[in-house]
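What follows is entry-v3.csv (CSV, C-alpha atoms).
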chain,number,residue,atom,x,y,z
X,1,MET,CA,-9.5,92.4,61.7
X,2,GLU,CA,-12.7,91.8,59.9
X,3,ILE,CA,-13.0,89.3,57.0
X,4,LYS,CA,-14.7,91.0,54.1
X,5,THR,CA,-15.5,90.2,50.5
X,6,PHE,CA,-13.6,92.1,47.8
X,7,THR,CA,-13.9,92.0,44.0
X,8,CYS,CA,-11.1,91.6,41.5
X,9,LYS,CA,-11.8,92.8,38.0
X,10,LYS,CA,-10.0,89.8,36.6
X,11,HIS,CA,-10.8,86.9,39.0
X,12,GLY,CA,-14.0,88.0,40.7
X,13,ASP,CA,-14.9,88.0,44.4
X,14,PHE,CA,-12.4,86.8,47.1
X,15,LYS,CA,-12.4,87.0,50.9
X,16,ALA,CA,-9.6,88.7,52.8
X,17,ARG,CA,-9.0,90.7,55.9
X,18,ALA,CA,-9.7,94.4,55.5
X,19,ILE,CA,-6.6,96.6,55.8
X,20,VAL,CA,-7.1,100.0,57.5
X,21,CYS,CA,-4.3,102.6,57.2
X,22,LEU,CA,-4.7,106.2,58.6
X,23,GLY,CA,-8.4,105.6,58.8
X,24,MET,CA,-8.8,104.5,55.2
X,25,GLU,CA,-9.6,101.0,54.1
X,26,ILE,CA,-7.2,99.6,51.5
X,27,SER,CA,-8.3,96.8,49.3
X,28,PRO,CA,-5.9,93.8,49.6
X,29,THR,CA,-4.4,92.2,46.5
X,30,CYS,CA,-6.4,89.4,44.9
X,31,PRO,CA,-4.6,86.1,45.9
X,32,LEU,CA,-4.9,84.8,42.3
X,33,CYS,CA,-3.3,88.1,41.0
X,34,GLN,CA,-0.6,87.8,43.6
X,35,LYS,CA,0.1,84.2,42.5
X,36,GLU,CA,0.4,85.2,38.9
X,37,LEU,CA,2.9,87.9,39.9
X,38,ASP,CA,4.9,85.5,42.0
X,39,ASP,CA,4.9,82.9,39.2
X,40,ALA,CA,6.0,85.5,36.7
X,41,GLU,CA,8.8,86.6,39.0
X,42,ALA,CA,9.9,83.0,39.5
X,43,ARG,CA,9.9,82.4,35.7
X,44,GLU,CA,12.0,85.5,35.2
X,45,ILE,CA,14.5,84.5,37.8
X,46,ALA,CA,14.7,80.9,36.4
X,47,GLU,CA,15.2,82.3,32.8
X,48,ARG,CA,17.9,84.7,34.0
X,49,GLU,CA,19.7,81.9,35.8
X,50,GLU,CA,19.4,79.7,32.8
X,51,TYR,CA,20.8,82.5,30.6
X,52,ASP,CA,23.7,83.1,33.0
X,53,LYS,CA,24.3,79.3,33.1
X,54,ASN,CA,24.3,78.9,29.4
X,55,GLY,CA,26.6,81.9,29.0
X,56,ARG,CA,29.0,80.5,31.6
X,57,ILE,CA,28.9,77.0,29.9
X,58,SER,CA,29.6,78.6,26.5
X,59,VAL,CA,32.6,80.5,27.8
X,60,TRP,CA,34.0,77.5,29.6
X,61,ALA,CA,33.4,75.2,26.6
X,62,GLU,CA,35.4,77.7,24.4
X,63,ARG,CA,38.2,77.8,26.9
X,64,ALA,CA,38.2,74.0,27.1
X,65,ASN,CA,38.5,73.9,23.3
X,66,ILE,CA,35.6,71.3,23.0
X,67,PRO,CA,34.6,70.9,19.3
X,68,LYS,CA,31.6,73.2,18.6
X,69,LEU,CA,30.0,70.4,16.6
X,70,TYR,CA,29.4,68.4,19.8
X,71,ARG,CA,28.7,71.1,22.4
X,72,ARG,CA,24.9,70.6,22.4
X,73,ARG,CA,24.3,67.4,24.5
X,74,GLU,CA,20.6,67.3,23.7
X,75,GLN,CA,21.3,66.6,20.1
X,76,MET,CA,22.9,63.2,20.9
X,77,ILE,CA,21.1,59.9,20.7
X,78,PRO,CA,23.5,57.4,22.3
X,79,ASN,CA,23.4,53.7,21.5
X,80,GLY,CA,25.3,50.6,22.6
X,81,ASN,CA,28.4,51.2,24.7
X,82,GLN,CA,28.0,54.9,24.2
X,83,VAL,CA,25.3,54.8,26.9
X,84,GLU,CA,27.8,53.2,29.3
X,85,ALA,CA,30.5,55.7,28.5
X,86,LEU,CA,28.1,58.7,29.1
X,87,ASN,CA,27.5,57.4,32.6
X,88,TYR,CA,31.2,58.0,33.4
X,89,ALA,CA,31.4,59.6,36.8
X,90,PHE,CA,34.9,61.3,36.5
X,91,ASP,CA,36.2,59.0,39.3
X,92,ARG,CA,39.0,57.3,37.2
X,93,ASN,CA,40.6,57.4,33.8
X,94,LEU,CA,38.6,56.4,30.8
X,95,ILE,CA,39.8,54.9,27.5
X,96,ILE,CA,37.4,54.8,24.6
X,97,VAL,CA,38.5,52.7,21.7
X,98,GLY,CA,36.9,51.9,18.4
X,99,SER,CA,37.1,52.2,14.7
X,100,VAL,CA,36.6,55.4,12.7
X,101,GLY,CA,33.2,57.0,13.0
X,102,THR,CA,32.0,55.0,16.0
X,103,GLY,CA,31.4,58.2,18.1
X,104,LYS,CA,34.5,58.4,20.3
X,105,THR,CA,35.1,62.1,19.8
X,106,MET,CA,31.3,62.9,20.1
X,107,VAL,CA,31.0,61.0,23.4
X,108,ALA,CA,34.3,62.4,24.8
X,109,SER,CA,33.1,66.0,23.9
X,110,HIS,CA,29.7,65.4,25.6
X,111,LEU,CA,31.5,64.2,28.7
X,112,GLY,CA,33.5,67.4,28.6
X,113,MET,CA,30.3,69.4,28.5
X,114,LYS,CA,28.8,67.3,31.3
X,115,ALA,CA,31.9,68.1,33.4
X,116,ILE,CA,31.6,71.8,32.6
X,117,GLU,CA,28.0,71.8,33.7
X,118,GLN,CA,29.2,70.3,37.0
X,119,HIS,CA,31.6,73.3,37.4
X,120,LYS,CA,34.7,71.3,36.5
X,121,THR,CA,37.6,72.8,34.5
X,122,VAL,CA,38.2,70.9,31.2
X,123,ARG,CA,40.9,70.8,28.6
X,124,TYR,CA,40.3,69.1,25.2
X,125,LEU,CA,43.0,68.5,22.7
X,126,TYR,CA,44.5,66.0,20.3
X,127,ALA,CA,47.2,64.0,22.1
X,128,SER,CA,49.7,65.2,19.5
X,129,ASP,CA,49.0,68.8,20.4
X,130,ILE,CA,50.7,68.6,23.8
X,131,ALA,CA,54.0,68.8,22.0
X,132,THR,CA,52.7,71.5,19.7
X,133,ARG,CA,51.5,73.7,22.6
X,134,VAL,CA,54.9,73.3,24.4
X,135,LYS,CA,56.9,74.1,21.3
X,136,ASP,CA,54.8,77.2,20.7
X,137,THR,CA,56.1,78.7,24.0
X,138,TRP,CA,59.7,78.5,22.9
X,139,GLY,CA,60.9,82.1,22.6
X,140,SER,CA,57.6,83.4,24.0
X,141,LYS,CA,57.7,86.1,26.7
X,142,VAL,CA,53.9,85.6,27.5
X,143,ILE,CA,53.7,81.9,28.5
X,144,SER,CA,56.3,79.3,29.4
X,145,GLU,CA,56.6,75.6,28.7
X,146,ARG,CA,56.0,74.9,32.5
X,147,GLU,CA,52.8,76.9,32.5
X,148,VAL,CA,51.4,74.9,29.6
X,149,ILE,CA,52.2,71.6,31.3
X,150,ASP,CA,50.9,72.9,34.7
X,151,ASP,CA,47.6,73.9,33.1
X,152,LEU,CA,47.1,70.5,31.6
X,153,ILE,CA,47.9,68.9,35.0
X,154,ALA,CA,45.7,71.2,37.0
X,155,CYS,CA,42.4,71.0,35.1
X,156,ASP,CA,39.7,68.8,36.6
X,157,LEU,CA,39.3,66.8,33.4
X,158,LEU,CA,41.7,66.3,30.5
X,159,ILE,CA,40.5,64.8,27.2
X,160,LEU,CA,43.1,63.5,24.8
X,161,ASP,CA,41.6,62.6,21.5
X,162,GLU,CA,43.3,60.4,18.8
X,163,ILE,CA,46.0,59.1,21.0
X,164,GLY,CA,47.0,56.6,18.3
X,165,ARG,CA,48.2,59.6,16.2
X,166,CYS,CA,50.8,60.8,18.7
X,167,GLU,CA,54.3,59.8,19.4
X,168,TYR,CA,55.6,59.3,23.0
X,169,ASN,CA,57.6,62.3,24.3
X,170,GLU,CA,58.7,63.8,27.6
X,171,TRP,CA,55.8,66.3,27.7
X,172,ILE,CA,53.2,63.6,27.5
X,173,PHE,CA,54.9,61.9,30.4
X,174,LYS,CA,55.1,65.0,32.5
X,175,VAL,CA,51.4,65.8,32.0
X,176,LEU,CA,50.1,62.3,32.6
X,177,ASP,CA,52.5,61.6,35.4
X,178,GLY,CA,51.5,64.9,37.1
X,179,ARG,CA,47.8,64.1,36.7
X,180,TYR,CA,48.4,60.6,38.2
X,181,MET,CA,50.1,62.1,41.2
X,182,GLU,CA,47.3,64.6,41.7
X,183,GLN,CA,44.7,61.9,41.1
X,184,ARG,CA,42.9,63.8,38.3
X,185,PRO,CA,41.1,61.8,35.6
X,186,THR,CA,41.9,61.7,31.9
X,187,ILE,CA,39.8,60.6,29.0
X,188,PHE,CA,41.6,59.0,26.1
X,189,THR,CA,40.1,58.1,22.7
X,190,GLY,CA,41.7,56.3,19.8
X,191,ASN,CA,41.4,53.8,17.0
X,192,ILE,CA,43.9,51.5,18.7
X,193,ASP,CA,44.3,48.2,20.5
X,194,VAL,CA,44.8,48.9,24.3
X,195,LYS,CA,47.9,46.7,24.0
X,196,GLU,CA,49.5,49.5,22.1
X,197,LEU,CA,49.4,51.9,25.1
X,198,PRO,CA,52.9,51.3,26.3
X,199,LYS,CA,54.3,52.2,22.9
X,200,ILE,CA,52.0,55.3,22.6
X,201,LEU,CA,52.2,56.6,26.2
X,202,GLY,CA,55.3,55.0,27.5
X,203,ASP,CA,55.7,52.0,29.8
X,204,ALA,CA,55.5,54.1,33.0
X,205,ILE,CA,52.3,55.8,32.1
X,206,ALA,CA,50.7,52.7,30.8
X,207,SER,CA,51.5,51.0,34.1
X,208,ARG,CA,50.0,53.9,36.1
X,209,LEU,CA,46.8,53.8,34.0
X,210,ARG,CA,46.3,50.1,34.8
X,211,THR,CA,45.7,51.0,38.5
X,212,ASN,CA,42.7,53.1,37.9
X,213,VAL,CA,41.1,52.9,34.4
X,214,LYS,CA,38.0,51.8,32.6
X,215,VAL,CA,38.2,50.7,28.9
X,216,ILE,CA,35.1,50.9,26.7
X,217,THR,CA,35.0,49.6,23.1
X,218,PHE,CA,32.7,51.2,20.6
X,219,GLY,CA,33.1,48.5,17.9
X,220,GLU,CA,33.7,48.9,14.2
X,221,THR,CA,30.5,50.3,12.6
X,222,ASP,CA,31.2,53.7,11.0
X,223,GLN,CA,28.0,55.6,12.0
X,224,ARG,CA,28.7,58.5,9.7
X,225,LYS,CA,29.0,56.2,6.8
X,226,ALA,CA,25.8,54.3,7.8
X,227,ARG,CA,23.8,57.6,7.9
X,228,VAL,CA,24.9,58.5,4.4
X,229,ALA,CA,24.3,55.1,2.9
Could you render the structure from this file as structure tokens?
Amino acid sequence: MEIKTFTCKKHGDFKARAIVCLGMEISPTCPLCQKELDDAEAREIAEREEYDKNGRISVWAERANIPKLYRRREQMIPNGNQVEALNYAFDRNLIIVGSVGTGKTMVASHLGMKAIEQHKTVRYLYASDIATRVKDTWGSKVISEREVIDDLIACDLLILDEIGRCEYNEWIFKVLDGRYMEQRPTIFTGNIDVKELPKILGDAIASRLRTNVKVITFGETDQRKARVA
């Protein structure tokens, strides 16, 4: 086929093979125009995928019960040991301890969002709410105590905030023992001394945690107070 020169109203002359169909010559598409069309289509596909992704993440974050205040990871500027915690790879249990206002909940929430972005199922709750969720099933015909416990065992990542505010009970044992047996990681946060874990979570769970856990301390500086001062 003959190489000819054609003219695009937008981009000027270009060379291409002439196309003949049923005895008629058809002008080929300008390669620069075609590139613009391809680029526009690629952008549309990327934007649609991003929209779908953000929609999925939003739904999963709601189901996980992650605090809305900390769902946008790009708003966070980590410092100190927060950086180390955010590099957590979900390969073992994680205990984040520190005083009030040191960013424990914020980091745990951002790790929950990171897990969701990796298509992991997440559950976030105050440690004391395990007992509350179980008791709310009593007398219910919709959901059972066993289903609540199984859900907390089965999720890929469980985040238990403020463990220092809960009291040890059989449901905490069932959930954490079940996760230990299934080798699923749990993130704990609290204004505690790790030596208090046997009292808070029970001797058996504290012993299990010692086999596969990382402890990160955030210190004592109240960041919220520092920003106001």
Subject >> CA of Lys9 (chain X) to CA of Glu25 (chain X), distance in Å rounded to a single decimal >> reply: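 Distance reported for this atom pair: 18.2 Å.
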**OP:** For Val175 (chain X), please output as JSON, numbers by chain all residues within 12 Å (counting all atoms listed in the file; exclusion window: fewer than 2 positions along the same chain).
**Re:** {"X": [127, 130, 131, 134, 145, 146, 147, 148, 149, 150, 151, 152, 153, 154, 155, 158, 159, 160, 168, 169, 170, 171, 172, 173, 177, 178, 179, 180, 181, 182, 183, 184, 185, 186, 201, 205]}
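In terms of minimum interatomic distance to Ala108 (chain X), X:Asn87 ranks closest within X:Asn87, X:Thr121, X:Thr137, X:Thr211, counting only C-alpha atoms.
What separates CA of Trp60 (chain X) from CA of Lys141 (chain X) is a distance of 25.4 Å.
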**OP:** Measuring atom to atom with only C-alpha atoms, identify which of X:Gln34, X:Thr7, X:Ser140, X:Thr217 is nearest to Ile95 (chain X).
**Re:**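 Checking each candidate against Ile95 (chain X), we get X:Thr217 as the closest.
Using only C-alpha atoms, the shortest contact distance between Leu209 (chain X) and any of X:Val59, X:Leu94, X:Cys33, X:Ala85 is found at X:Leu94.
Note that the spacing between CA of Val122 (chain X) and CA of Lys174 (chain X) amounts to 17.9 Å.
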Original post:
For Lys53 (chain X), which residue among X:Asp193, X:Asp136, X:Glu117, X:Asp91 is the nearest when counting only C-alpha atoms?
Top reply: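 Residue with the minimum atom-to-atom distance to Lys53 (chain X): X:Glu117.
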Subject >> Long-range neighbours of region 71-81 of chain X as an NGL selection string, 10 Å cut-off, all atoms listed in the file, 5 positions minimum in chain >> reply: :X and (57-58 or 61-62 or 66 or 86 or 96 or 103 or 106-107 or 109-114 or 216-219)
**OP:** Have a look at X:Leu197, X:Lys15, X:Thr105, X:Arg123 and name the one nearest to Tyr70 (chain X); count all atoms listed in the file.
**Re:**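 Of all the options, X:Thr105 lies closest to Tyr70 (chain X).
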Original post:
Contacts of Glu196 (chain X) at 10 Å or less, counting only C-alpha atoms, minus same-chain residues fewer than 5 places along, as number ranges by chain?
Top reply: X: 164, 201-202, 206
Write a file of the selected residues as an mmCIF file, in the frame of the given file, keeping C-alpha atoms.
data_model
loop_
_atom_site.group_PDB
_atom_site.id
_atom_site.type_symbol
_atom_site.label_atom_id
_atom_site.label_comp_id
_atom_site.auth_asym_id
_atom_site.auth_seq_id
_atom_site.Cartn_x
_atom_site.Cartn_y
_atom_site.Cartn_z
ATOM 1 C CA GLY X 164 47.000 56.600 18.300
ATOM 2 C CA LEU X 201 52.200 56.600 26.200
ATOM 3 C CA GLY X 202 55.300 55.000 27.500
ATOM 4 C CA ALA X 206 50.700 52.700 30.800
#
Subject >> Spatial sel., origin (41.9, 57.4, 20.5), limit 10 Å, all atoms listed in the file, listed as a list in words >> reply: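 It turns out the residues near that spot are Ile95, Ile96, Val97, Gly98, Ser99, Val100, Lys104, Thr105, Tyr126, Ala127, Leu160, Asp161, Glu162, Ile163, Gly164, Arg165, Cys166, Ile187, Phe188, Thr189, Gly190, Asn191, Ile192, Asp193 and Val194 of chain X.
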